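One file, upload12.txt, carrying compact mmCIF, C-alpha atoms:
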```
# COMPACT_ATOMS: atom_id res chain seq x y z
CA MET A 267 121.86 110.04 90.82
CA ASN A 268 121.28 107.63 93.68
CA ASN A 269 117.61 108.54 93.89
CA GLN A 270 117.20 107.91 90.18
CA ARG A 271 118.58 104.42 90.56
CA LYS A 272 115.97 103.55 93.16
CA LEU A 273 112.82 101.72 92.17
CA PRO A 274 109.35 102.41 93.61
CA ALA A 275 108.10 99.41 95.59
CA ARG A 276 104.83 99.54 93.67
CA VAL A 277 106.63 98.35 90.53
CA LEU A 278 106.81 94.83 91.96
CA PHE A 279 104.27 94.70 94.78
CA PHE A 280 101.22 96.19 93.03
CA PRO A 281 101.06 93.76 90.06
CA ALA A 282 102.03 90.85 92.33
CA ALA A 283 99.29 91.73 94.82
CA GLY A 284 96.71 92.05 92.04
CA LEU A 285 97.64 88.77 90.40
CA TYR A 286 97.76 86.95 93.75
CA ALA A 287 94.31 88.29 94.68
CA ALA A 288 92.94 87.05 91.34
CA VAL A 289 94.41 83.56 91.81
CA LEU A 290 94.02 83.08 95.57
CA VAL A 291 90.23 83.15 95.94
CA PRO A 292 89.29 80.53 93.30
CA LEU A 293 92.24 78.35 94.35
CA SER A 294 91.24 78.42 98.02
CA LEU A 295 87.61 77.73 97.10
CA TRP A 296 88.71 74.75 95.00
CA ALA A 297 90.90 73.50 97.86
CA MET A 298 88.15 73.83 100.47
CA PHE A 299 85.40 72.06 98.50
CA TYR A 300 87.13 69.72 96.04
CA SER A 301 90.83 68.99 96.67
CA PRO A 302 91.82 69.73 100.29
CA LEU A 303 94.84 67.42 100.05
CA LEU A 304 96.13 68.99 96.85
CA LEU A 305 96.44 72.50 98.37
CA PRO A 306 96.56 71.97 102.15
CA GLY A 307 97.96 75.44 102.79
CA ILE A 308 94.73 77.20 101.72
CA ASN A 309 92.05 74.57 102.31
CA SER A 310 90.39 76.22 105.32
CA GLY A 311 88.68 79.51 106.04
CA LEU A 312 91.49 80.51 108.41
CA ASP A 313 94.17 79.82 105.80
CA HIS A 314 92.13 81.78 103.25
CA ALA A 315 91.89 84.74 105.66
CA GLN A 316 95.61 84.59 106.44
CA GLU A 317 96.59 84.83 102.78
CA LEU A 318 94.05 87.54 101.99
CA LEU A 319 95.14 89.68 104.93
CA PHE A 320 98.85 88.97 105.22
CA GLY A 321 99.62 87.95 101.65
CA PHE A 322 97.50 90.34 99.62
CA ALA A 323 96.94 93.26 102.03
CA LEU A 324 100.56 93.47 103.22
CA ALA A 325 101.76 93.49 99.61
CA VAL A 326 99.48 96.44 98.88
CA ILE A 327 100.75 98.26 101.99
CA ALA A 328 104.34 97.58 100.92
CA GLY A 329 103.73 98.89 97.41
CA TYR A 330 102.01 102.05 98.60
CA LEU A 331 104.03 103.04 101.65
CA LEU A 332 107.59 101.76 101.17
CA GLY A 333 108.40 104.32 98.49
CA PRO A 334 111.56 104.15 96.35
CA LEU A 335 114.10 101.51 97.42
CA SER A 336 117.40 100.26 96.13
CA PRO A 337 116.86 97.37 93.68
CA ARG A 338 118.69 95.01 96.04
CA LEU A 339 116.56 95.83 99.08
CA LEU A 340 113.38 95.76 97.01
CA MET A 341 114.24 92.31 95.64
CA ILE A 342 115.01 91.00 99.14
CA LEU A 343 111.64 92.12 100.52
CA PHE A 344 109.77 90.95 97.43
CA GLY A 345 111.62 87.64 97.48
CA LEU A 346 110.60 87.05 101.10
CA TRP A 347 106.97 87.83 100.29
CA LEU A 348 106.94 85.61 97.20
CA SER A 349 108.72 82.74 98.98
CA ALA A 350 106.12 82.80 101.76
CA ARG A 351 103.24 82.74 99.26
CA LEU A 352 104.71 79.88 97.23
CA GLY A 353 105.56 78.04 100.44
CA TYR A 354 101.96 78.10 101.68
CA LEU A 355 100.77 76.81 98.31
CA LEU A 356 103.41 74.11 97.79
CA ALA A 357 104.88 73.13 101.19
CA PRO A 358 102.69 74.50 104.02
CA ALA A 359 103.95 71.93 106.55
CA SER A 360 107.49 73.31 106.34
CA PHE A 361 108.70 75.95 108.79
CA LEU A 362 109.98 78.06 105.87
CA PRO A 363 106.69 79.74 104.79
CA PRO A 364 105.95 81.26 108.22
CA LEU A 365 109.64 82.14 108.59
CA PHE A 366 109.72 83.99 105.26
CA GLY A 367 106.39 85.63 106.05
CA THR A 368 107.62 86.82 109.44
CA LEU A 369 110.86 88.20 108.00
CA PHE A 370 108.91 90.06 105.33
CA ALA A 371 106.42 91.51 107.85
CA LEU A 372 109.19 92.64 110.22
CA GLY A 373 111.25 94.11 107.37
CA LEU A 374 108.19 95.95 106.08
CA ALA A 375 107.38 97.26 109.56
CA MET A 376 110.94 98.47 110.16
CA HIS A 377 111.14 100.48 106.94
CA ILE A 378 107.65 101.98 107.17
CA VAL A 379 108.00 102.94 110.84
CA LEU A 380 111.33 104.63 110.15
CA ARG A 381 109.81 106.50 107.21
CA PHE A 382 106.82 107.91 109.13
CA ARG A 383 108.32 108.41 112.59
CA SER A 384 108.77 112.19 112.11
CA ALA A 385 105.03 112.98 111.88
CA LYS A 386 104.03 115.91 114.10
CA LYS A 387 100.28 115.54 114.68
CA TRP A 388 99.13 112.73 116.97
CA ARG A 389 96.73 111.42 114.32
CA ASN A 390 99.57 111.11 111.83
CA ARG A 391 101.93 109.63 114.42
CA LEU A 392 99.38 106.84 114.87
CA LEU A 393 100.29 105.43 111.44
CA SER A 394 103.65 103.99 112.53
CA PRO A 395 102.40 102.03 115.58
CA LEU A 396 99.29 100.94 113.65
CA LEU A 397 101.36 99.46 110.83
CA LEU A 398 103.80 97.95 113.33
CA LEU A 399 100.92 96.28 115.19
CA ILE A 400 99.46 94.88 111.94
CA CYS A 401 102.84 93.40 111.00
CA LEU A 402 103.42 91.97 114.49
CA LEU A 403 99.96 90.38 114.50
CA ALA A 404 100.73 88.90 111.10
CA SER A 405 103.95 87.39 112.45
CA ALA A 406 102.24 85.95 115.53
CA LEU A 407 99.25 84.61 113.64
CA VAL A 408 101.19 82.77 110.94
CA TRP A 409 103.06 80.82 113.62
CA LEU A 410 99.87 80.06 115.55
CA ILE A 411 98.21 78.77 112.37
CA HIS A 412 101.34 76.80 111.46
CA THR A 413 101.47 75.07 114.85
CA GLY A 414 97.69 74.65 115.11
CA LYS A 415 97.64 76.04 118.64
CA ALA A 416 94.94 78.20 120.25
CA PRO A 417 92.30 78.06 117.47
CA LEU A 418 90.00 80.49 119.29
CA LEU A 419 92.86 82.96 119.63
CA GLN A 420 93.61 82.57 115.93
CA HIS A 421 90.08 83.60 114.95
CA ALA A 422 90.14 86.48 117.43
CA LEU A 423 93.42 87.79 116.01
CA VAL A 424 92.09 87.56 112.45
CA TYR A 425 89.06 89.64 113.41
CA GLN A 426 91.19 92.20 115.25
CA THR A 427 93.49 92.43 112.23
CA VAL A 428 90.48 93.16 110.00
CA LEU A 429 89.48 95.99 112.35
CA LEU A 430 93.06 97.33 112.34
CA LEU A 431 92.99 97.33 108.54
CA ALA A 432 89.62 99.09 108.70
CA LEU A 433 91.25 101.74 110.91
CA LEU A 434 94.09 102.05 108.40
CA MET A 435 91.56 102.52 105.56
CA LEU A 436 89.70 105.16 107.58
CA PHE A 437 93.00 106.96 108.18
CA MET A 438 94.18 106.73 104.56
CA GLY A 439 90.78 107.98 103.37
CA GLY A 440 91.64 111.39 104.70
CA ARG A 441 95.04 111.34 102.97
CA VAL A 442 93.87 110.02 99.58
CA ILE A 443 90.18 110.76 99.07
CA ALA A 444 90.01 114.20 100.68
CA PRO A 445 92.85 115.83 98.65
CA ALA A 446 91.54 114.32 95.40
CA LEU A 447 88.05 115.66 96.09
CA ALA A 448 89.40 119.07 97.13
CA GLY A 449 91.34 119.34 93.87
CA HIS A 450 88.27 118.42 91.84
CA HIS A 451 86.09 120.96 93.66
CA GLN A 452 88.74 123.62 93.08
CA ARG A 453 88.73 122.93 89.35
CA LEU A 454 84.95 123.40 89.43
CA GLY A 455 85.44 126.80 91.07
CA LYS A 456 84.15 125.55 94.41
CA VAL A 457 85.74 125.09 97.82
CA LEU A 458 85.62 121.86 99.84
CA ASN A 459 86.00 122.99 103.43
CA ALA A 460 85.51 119.51 104.89
CA ARG A 461 88.73 117.76 103.86
CA VAL A 462 90.59 115.65 106.43
CA GLN A 463 88.10 116.81 109.11
CA PRO A 464 90.62 116.39 111.97
CA ARG A 465 88.16 116.48 114.89
CA LEU A 466 85.83 113.98 113.30
CA GLU A 467 88.78 111.81 112.28
CA GLY A 468 90.10 111.94 115.84
CA TRP A 469 86.80 110.62 117.20
CA ILE A 470 86.72 107.90 114.54
CA ILE A 471 90.26 106.79 115.45
CA LEU A 472 89.50 106.76 119.19
CA SER A 473 86.27 104.83 118.58
CA MET A 474 88.07 102.19 116.51
CA ILE A 475 90.85 101.79 119.08
CA LEU A 476 88.29 101.40 121.86
CA ALA A 477 86.32 98.83 119.82
CA ILE A 478 89.48 96.80 119.12
CA VAL A 479 90.36 96.80 122.83
CA LEU A 480 86.83 95.90 123.97
CA ILE A 481 86.46 93.09 121.47
CA SER A 482 89.44 91.33 123.09
CA TRP A 483 87.17 90.23 125.97
CA PRO A 484 83.97 88.23 125.31
CA ALA A 485 82.20 89.98 128.18
CA SER A 486 82.58 93.37 126.49
CA ARG A 487 81.61 92.21 123.01
CA SER A 488 78.27 94.06 123.06
CA TRP A 489 79.98 97.29 124.07
CA ALA A 490 82.49 96.80 121.27
CA GLY A 491 79.58 96.47 118.86
CA LEU A 492 78.06 99.78 119.98
CA VAL A 493 81.41 101.53 119.56
CA LEU A 494 81.82 100.02 116.07
CA ILE A 495 78.38 101.36 115.15
CA LEU A 496 79.46 104.79 116.43
CA ALA A 497 82.63 104.66 114.32
CA GLY A 498 80.58 103.70 111.26
CA VAL A 499 78.12 106.56 111.80
CA LEU A 500 80.97 109.07 112.23
CA ALA A 501 82.61 107.76 109.05
CA PHE A 502 79.28 108.14 107.23
CA VAL A 503 79.06 111.78 108.35
CA ARG A 504 82.59 112.31 107.06
CA LEU A 505 81.66 110.73 103.73
CA LEU A 506 78.59 112.98 103.37
CA ARG A 507 80.65 116.10 104.06
CA TRP A 508 82.92 115.24 101.11
CA ARG A 509 79.95 116.03 98.79
CA LEU A 510 80.59 113.29 96.28
CA TRP A 511 77.42 114.21 94.37
CA HIS A 512 79.46 116.98 92.71
CA CYS A 513 81.78 114.36 91.15
CA SER A 514 79.52 112.89 88.46
CA ALA A 515 82.18 113.60 85.83
CA ARG A 516 84.88 111.82 87.83
CA PRO A 517 84.00 108.11 88.17
CA ASP A 518 87.36 107.40 89.82
CA LEU A 519 86.41 109.67 92.75
CA LEU A 520 82.96 108.09 92.95
CA CYS A 521 84.67 104.69 93.12
CA LEU A 522 86.80 105.86 96.05
CA GLY A 523 83.60 106.99 97.72
CA ALA A 524 82.03 103.58 97.04
CA GLY A 525 84.96 101.90 98.78
CA TYR A 526 84.56 104.18 101.77
CA GLY A 527 80.83 103.44 101.72
CA TRP A 528 81.55 99.70 101.91
CA LEU A 529 83.73 100.48 104.94
CA VAL A 530 80.90 102.37 106.62
CA ALA A 531 78.49 99.50 105.92
CA GLY A 532 81.03 96.98 107.22
CA LEU A 533 81.56 98.79 110.51
CA VAL A 534 77.84 99.29 111.16
CA SER A 535 76.80 95.74 110.17
CA ASN A 536 79.60 94.11 112.17
CA GLY A 537 78.83 96.41 115.08
CA ILE A 538 75.18 95.35 115.09
CA ALA A 539 76.20 91.68 114.92
CA GLN A 540 78.64 92.09 117.83
CA TRP A 541 76.06 94.01 119.84
CA GLN A 542 73.49 91.25 119.32
CA GLN A 543 76.09 88.49 119.97
CA GLN A 544 75.66 87.08 116.46
CA MET A 545 78.14 85.43 114.10
CA THR A 546 80.27 87.85 112.06
CA SER A 547 82.05 85.40 109.72
CA GLY A 548 79.86 86.43 106.77
CA LEU A 549 79.61 90.14 107.53
CA ILE A 550 83.37 90.46 107.80
CA HIS A 551 83.44 90.20 103.99
CA VAL A 552 81.80 93.62 103.77
CA ILE A 553 85.12 94.98 105.06
CA THR A 554 87.55 92.52 103.47
CA LEU A 555 85.93 92.18 100.02
CA GLY A 556 83.88 95.36 99.65
CA ALA A 557 85.99 97.98 101.41
CA LEU A 558 89.49 96.51 101.24
CA GLY A 559 89.02 95.22 97.71
CA THR A 560 87.56 98.44 96.31
CA LEU A 561 89.82 100.94 98.08
CA THR A 562 93.07 99.08 97.48
CA GLY A 563 92.32 98.43 93.81
CA VAL A 564 91.16 101.96 93.01
CA ILE A 565 94.01 103.61 94.93
CA MET A 566 96.59 101.32 93.30
CA MET A 567 95.31 102.05 89.80
CA ARG A 568 94.89 105.81 90.35
CA SER A 569 98.31 106.29 91.93
CA THR A 570 100.09 104.15 89.33
CA ILE A 571 98.42 105.92 86.41
CA LEU A 572 99.25 109.29 87.98
CA GLN A 573 102.90 108.33 88.48
CA SER A 574 103.16 107.06 84.91
CA GLY A 575 102.68 110.59 83.61
CA GLY A 576 100.55 109.31 80.76
CA ARG A 577 97.38 110.71 79.23
CA ASN A 578 95.18 109.50 82.06
CA ALA A 579 97.30 111.20 84.69
CA THR A 580 95.20 114.35 84.22
CA ASP A 581 92.09 112.81 82.68
CA HIS A 582 90.84 110.13 85.04
CA ALA A 583 87.35 110.46 83.58
CA SER A 584 88.50 108.43 80.56
CA GLU A 585 89.82 105.56 82.72
CA TRP A 586 86.98 103.05 82.26
CA ARG A 587 88.77 100.21 84.05
CA ILE A 588 88.36 101.78 87.50
CA PRO A 589 84.52 101.86 87.53
CA LEU A 590 84.36 98.40 85.92
CA PHE A 591 86.69 97.09 88.62
CA THR A 592 84.52 98.69 91.32
CA LEU A 593 81.37 97.15 89.84
CA LEU A 594 82.93 93.67 89.74
CA ILE A 595 84.04 93.96 93.38
CA ALA A 596 80.51 95.03 94.33
CA VAL A 597 79.09 91.99 92.53
CA ALA A 598 81.60 89.69 94.28
CA THR A 599 80.77 91.14 97.70
CA SER A 600 77.01 90.97 97.16
CA LEU A 601 77.14 87.35 95.99
CA ARG A 602 79.34 86.37 98.95
CA LEU A 603 76.94 88.02 101.39
CA ALA A 604 73.94 86.36 99.74
CA SER A 605 75.44 82.84 99.72
CA PRO A 606 74.56 81.85 103.34
CA HIS A 607 70.90 82.80 102.78
CA PHE A 608 70.36 80.58 99.73
CA VAL A 609 71.39 77.08 100.79
CA SER A 610 70.48 75.45 97.49
CA PHE A 611 72.67 77.89 95.56
CA HIS A 612 75.33 78.38 98.22
CA LEU A 613 78.24 76.92 96.26
CA ALA A 614 77.13 78.50 92.97
CA LEU A 615 77.00 81.93 94.62
CA LEU A 616 80.46 81.41 96.12
CA TRP A 617 81.86 80.55 92.71
CA GLY A 618 80.09 83.55 91.21
CA ALA A 619 81.68 85.78 93.83
CA ALA A 620 85.10 84.22 93.20
CA LEU A 621 84.73 84.71 89.43
CA ALA A 622 83.74 88.38 89.77
CA TRP A 623 86.60 89.00 92.25
CA SER A 624 89.16 87.32 89.98
CA LEU A 625 87.99 89.19 86.88
CA ALA A 626 88.23 92.46 88.80
CA TRP A 627 91.80 91.81 89.87
CA LEU A 628 92.91 90.53 86.48
CA LEU A 629 91.60 93.78 85.05
CA ALA A 630 93.42 95.77 87.74
CA THR A 631 96.66 93.85 87.15
CA TRP A 632 96.47 94.56 83.43
CA CYS A 633 95.93 98.27 84.15
CA LEU A 634 98.82 98.33 86.63
CA CYS A 635 101.25 96.56 84.31
CA ARG A 636 100.47 98.96 81.44
CA ALA A 637 100.94 102.05 83.63
CA ILE A 638 104.10 100.72 85.28
CA SER A 639 105.58 99.88 81.87
CA VAL A 640 105.01 103.46 80.72
CA SER A 641 106.49 104.81 83.95
CA LEU A 642 109.63 102.68 83.73
CA LYS A 643 110.19 103.66 80.09
CA ARG A 644 109.93 107.34 81.01
CA GLN A 645 112.26 106.87 83.96
CA ALA A 646 114.82 105.07 81.78
CA ALA A 647 114.64 107.85 79.18
CA ARG A 648 115.25 110.51 81.85
CA HIS A 649 118.15 108.49 83.24
CA ARG A 650 119.78 108.29 79.78
CA GLU A 651 119.42 112.05 79.38
CA VAL A 652 121.13 112.64 82.73
CA LEU A 653 124.00 110.34 81.75
CA ARG A 654 124.47 112.25 78.48
CA GLU A 655 124.75 115.49 80.41
```

Using the file provided, produce a representation of the structure as structure tokens.
Amino acid sequence: MNNQRKLPARVLFFPAAGLYAAVLVPLSLWAMFYSPLLLPGINSGLDHAQELLFGFALAVIAGYLLGPLSPRLLMILFGLWLSARLGYLLAPASFLPPLFGTLFALGLAMHIVLRFRSAKKWRNRLLSPLLLLICLLASALVWLIHTGKAPLLQHALVYQTVLLLALLMLFMGGRVIAPALAGHHQRLGKVLNARVQPRLEGWIILSMILAIVLISWPASRSWAGLVLILAGVLAFVRLLRWRLWHCSARPDLLCLGAGYGWLVAGLVSNGIAQWQQQMTSGLIHVITLGALGTLTGVIMMRSTILQSGGRNATDHASEWRIPLFTLLIAVATSLRLASPHFVSFHLALLWGAALAWSLAWLLATWCLCRAISVSLKRQAARHREVLRE
């Protein structure tokens, strides 16, 4: 009975994350180029990165990993997240937005670490400290940005957070993409031997950890770049061994592969830039827009549809919104990457990228709300049946 009264965290956090992603990018672009005084909390590239990483990404992590919670606890965590987001938009000079953001990050870390602390394999045990480190960096960075201290450190922490999220996506790829592909191959009468690929995954994890450590010191930046390239190559080998070319009838699985492909491209391109001591501010969007955008959106929609128990739970091939979402994210990422190379059309390309990104996340939010509505109705019906008994 108690478990039935609990609500999955995705019910609130997934639609909120999708809607916030759709609104944030065009709002921050408007604030940066047209009305910096109207929205001072998101009128710089650093503020934009903070909200994308610690507003959007942490909400997705909360929705996916928190699991079922009591309505009271869920509302407390969601209220802290929402208060921080509204605070940065409406009253960024106040101490309340970073305070609410810190409390949310620490509360999220505490519950997720407690949930995954019993993992047996060292690769799985890495999830708890990885999520804890992401949340702690979020807490430290929001206060640094709020006080305006150590601007170089702020940018360094943002970049390290992106690499930590890349490591999390590499890790979750083996827990989401591999089982889905294995199930599809089994239905085709085939066997996918290369699933999680533990040895390869172990080398990928070690490479990413080493790159994150090396990138902390400017003198070792070139070495960090080489290690990032190695991690990207290993991830590409892993992607090839999943044999996605057998999934032509499952666009949702191809979209997961596309997200992982963006991650591979992001690691290699950023690794080359670090190795050659070049700027990475543009290339970082391959990870944040291409990989993070695609993987989070597709995983959110797939998992929510599956949990809803509706028609598409067993027939993902008919779910047209997932490939359209993936295409829009690809357009947004491509336009954002092209914008620095076409000075005359720079702003137009940025707005094109923002429009494609927003349309993608409005589509995802619509899909999520429909699936969650079906799921809640089914859960309420089951609860009424239990009460009758």

Using only C-alpha atoms, which protein or nucleic acid residues come within 12 Å of stretch 605-621 of chain A? Drop anything in the same chain fewer than 2 positions from it, and give the result as JSON, numbers by chain. {"A": [287, 288, 289, 290, 291, 292, 293, 294, 295, 296, 298, 299, 300, 545, 547, 548, 549, 551, 555, 556, 594, 595, 596, 597, 598, 599, 600, 601, 602, 603, 623, 624, 625, 626, 627, 628]}

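For the set A:Thr631, A:Ser535, A:Ser482, A:Ser301, the residue with the smallest atom-to-atom gap to A:Ile553 is A:Ser535, counting all atoms listed in the file.
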
If you count all atoms listed in the file, which residues fall within 9 Å of A:Cys635, apart from same-chain ones fewer than 3 positions away, as a PyMOL selection string? chain A and resi 277+280-281+630-632+638-640

Could you take the residues named above and write them with C-alpha atoms, as a compact mmCIF listing (two decimals), keeping the file's coordinate frame?
```txt
# COMPACT_ATOMS: atom_id res chain seq x y z
CA VAL A 277 106.63 98.35 90.53
CA PHE A 280 101.22 96.19 93.03
CA PRO A 281 101.06 93.76 90.06
CA ALA A 630 93.42 95.77 87.74
CA THR A 631 96.66 93.85 87.15
CA TRP A 632 96.47 94.56 83.43
CA ILE A 638 104.10 100.72 85.28
CA SER A 639 105.58 99.88 81.87
CA VAL A 640 105.01 103.46 80.72
```

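Between atom CA of A:Val428 and atom CA of A:Leu480 lies a distance of 14.7 Å.
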
Per residue of stretch 480-536 of chain A within 12 Å of stretch 565-574 of chain A, record the nearest atom pair and its distance in Å to one decimal, counting only C-alpha atoms, with rows in chain order and ascending residue number, as a tab-separated table.
```
residue	atom	partner	partner_atom	distance
A:Arg516	CA	A:Arg568	CA	11.9
A:Pro517	CA	A:Arg568	CA	11.3
A:Asp518	CA	A:Arg568	CA	7.7
A:Leu519	CA	A:Arg568	CA	9.6
A:Cys521	CA	A:Ile565	CA	9.6
A:Leu522	CA	A:Ile565	CA	7.6
A:Gly523	CA	A:Ile565	CA	11.3
A:Gly525	CA	A:Ile565	CA	10.0
A:Tyr526	CA	A:Ile565	CA	11.7
```

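Counting from atom CA of A:Leu305, the distance to atom CA of A:Glu317 is 13.1 Å.
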
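One finds atom CA of A:Ser394 at 4.8 Å from atom CA of A:Val379.
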
The residues within 8 Å of (90.1, 93.2, 116.4), using all atoms listed in the file and the coordinates of the file, should be reported as a PyMOL selection string; which are they? chain A and resi 422-430+477-479+481-482

If you take all atoms listed in the file and a cut-off of 12 Å, which residues of stretch 349-419 of chain A touch stretch 431-444 of chain A, and what are their nearest atom pairs and distances in Å to one decimal, in chain and number order, as CSV?
```
residue,atom,partner,partner_atom,distance
A:Arg389,CA,A:Phe437,CA,8.5
A:Asn390,CA,A:Phe437,CA,8.6
A:Arg391,CA,A:Phe437,CA,11.2
A:Leu392,CA,A:Phe437,CA,9.2
A:Leu393,CA,A:Leu434,CA,7.7
A:Ser394,CA,A:Leu434,CA,10.6
A:Pro395,CA,A:Leu434,CA,11.0
A:Leu396,CA,A:Leu434,CA,7.5
A:Leu397,CA,A:Leu434,CA,8.1
A:Leu398,CA,A:Leu434,CA,11.6
A:Leu399,CA,A:Leu431,CA,10.4
A:Ile400,CA,A:Leu431,CA,7.7
A:Cys401,CA,A:Leu431,CA,10.9
A:Leu403,CA,A:Leu431,CA,11.5
A:Ala404,CA,A:Leu431,CA,11.7
```

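Those DNA, RNA and protein residues that approach the point (94.8, 96.0, 97.9) to within 6 Å, considering only C-alpha atoms, are Ala323, Val326, Gly559, Thr562 and Gly563 of chain A.
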
If we count only C-alpha atoms, what is near A:Ala357 at a cut-off of 12 Å, once residues fewer than 3 positions away on the same chain are taken out, given as a ChimeraX atom specification? /A:303-308,349-354,360-364,412

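Counting all atoms listed in the file, A:Gly491 has the following residues at most 12 Å away, ignoring those fewer than 6 positions along the same chain: Leu429, Ser473, Met474, Leu476, Ala477, Ile478, Val479, Leu480, Ile481, Ser482, Pro484, Ala485, Ala497, Gly498, Gly532, Leu533, Val534, Ser535, Asn536, Gly537, Ile538, Ala539, Gln540, Trp541, Gln542, Gln543, Gln544 and Thr546 of chain A.
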
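Shortest atom-to-atom contact with A:Leu419 among A:Ala557, A:Ala315, A:Leu407, A:Arg338: A:Leu407, counting all atoms listed in the file.
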
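Closest approach to A:Arg271 from the set A:Leu340, A:Leu312, A:Val552, A:Ala328 is made by A:Leu340, with distances taken over only C-alpha atoms.
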
Export: stretch 275-290 of chain A, N, CA and C atoms, as a PDB file, in the first residue's frame:
```
ATOM      1  N   ALA A 275       9.499  10.066  -9.549  1.00  0.00           N
ATOM      2  CA  ALA A 275      10.034  11.431  -9.676  1.00  0.00           C
ATOM      3  C   ALA A 275       9.881  11.958 -11.096  1.00  0.00           C
ATOM      4  N   ARG A 276       9.844  11.059 -12.068  1.00  0.00           N
ATOM      5  CA  ARG A 276       9.729  11.506 -13.464  1.00  0.00           C
ATOM      6  C   ARG A 276       8.418  12.235 -13.737  1.00  0.00           C
ATOM      7  N   VAL A 277       7.393  11.977 -12.936  1.00  0.00           N
ATOM      8  CA  VAL A 277       6.088  12.598 -13.145  1.00  0.00           C
ATOM      9  C   VAL A 277       6.190  14.119 -13.122  1.00  0.00           C
ATOM     10  N   LEU A 278       7.038  14.643 -12.245  1.00  0.00           N
ATOM     11  CA  LEU A 278       7.223  16.095 -12.165  1.00  0.00           C
ATOM     12  C   LEU A 278       8.469  16.559 -12.910  1.00  0.00           C
ATOM     13  N   PHE A 279       9.574  15.854 -12.717  1.00  0.00           N
ATOM     14  CA  PHE A 279      10.855  16.366 -13.206  1.00  0.00           C
ATOM     15  C   PHE A 279      11.012  16.257 -14.717  1.00  0.00           C
ATOM     16  N   PHE A 280      10.468  15.211 -15.349  1.00  0.00           N
ATOM     17  CA  PHE A 280      10.645  15.073 -16.791  1.00  0.00           C
ATOM     18  C   PHE A 280       9.932  16.188 -17.571  1.00  0.00           C
ATOM     19  N   PRO A 281       8.633  16.416 -17.347  1.00  0.00           N
ATOM     20  CA  PRO A 281       7.988  17.518 -18.092  1.00  0.00           C
ATOM     21  C   PRO A 281       8.580  18.883 -17.748  1.00  0.00           C
ATOM     22  N   ALA A 282       8.948  19.071 -16.468  1.00  0.00           N
ATOM     23  CA  ALA A 282       9.535  20.355 -16.072  1.00  0.00           C
ATOM     24  C   ALA A 282      10.877  20.577 -16.757  1.00  0.00           C
ATOM     25  N   ALA A 283      11.697  19.532 -16.829  1.00  0.00           N
ATOM     26  CA  ALA A 283      12.997  19.640 -17.494  1.00  0.00           C
ATOM     27  C   ALA A 283      12.817  19.939 -18.980  1.00  0.00           C
ATOM     28  N   GLY A 284      11.871  19.245 -19.626  1.00  0.00           N
ATOM     29  CA  GLY A 284      11.626  19.480 -21.049  1.00  0.00           C
ATOM     30  C   GLY A 284      11.149  20.887 -21.326  1.00  0.00           C
ATOM     31  N   LEU A 285      10.197  21.360 -20.523  1.00  0.00           N
ATOM     32  CA  LEU A 285       9.668  22.711 -20.734  1.00  0.00           C
ATOM     33  C   LEU A 285      10.742  23.763 -20.444  1.00  0.00           C
ATOM     34  N   TYR A 286      11.541  23.539 -19.409  1.00  0.00           N
ATOM     35  CA  TYR A 286      12.588  24.502 -19.074  1.00  0.00           C
ATOM     36  C   TYR A 286      13.650  24.557 -20.177  1.00  0.00           C
ATOM     37  N   ALA A 287      13.992  23.394 -20.734  1.00  0.00           N
ATOM     38  CA  ALA A 287      14.955  23.374 -21.841  1.00  0.00           C
ATOM     39  C   ALA A 287      14.417  24.152 -23.031  1.00  0.00           C
ATOM     40  N   ALA A 288      13.113  24.007 -23.315  1.00  0.00           N
ATOM     41  CA  ALA A 288      12.519  24.709 -24.454  1.00  0.00           C
ATOM     42  C   ALA A 288      12.524  26.211 -24.263  1.00  0.00           C
ATOM     43  N   VAL A 289      12.330  26.668 -23.021  1.00  0.00           N
ATOM     44  CA  VAL A 289      12.219  28.103 -22.735  1.00  0.00           C
ATOM     45  C   VAL A 289      13.578  28.740 -22.506  1.00  0.00           C
ATOM     46  N   LEU A 290      14.491  28.001 -21.874  1.00  0.00           N
ATOM     47  CA  LEU A 290      15.758  28.586 -21.424  1.00  0.00           C
ATOM     48  C   LEU A 290      16.605  29.138 -22.564  1.00  0.00           C
TER      49      LEU A 290
END
```
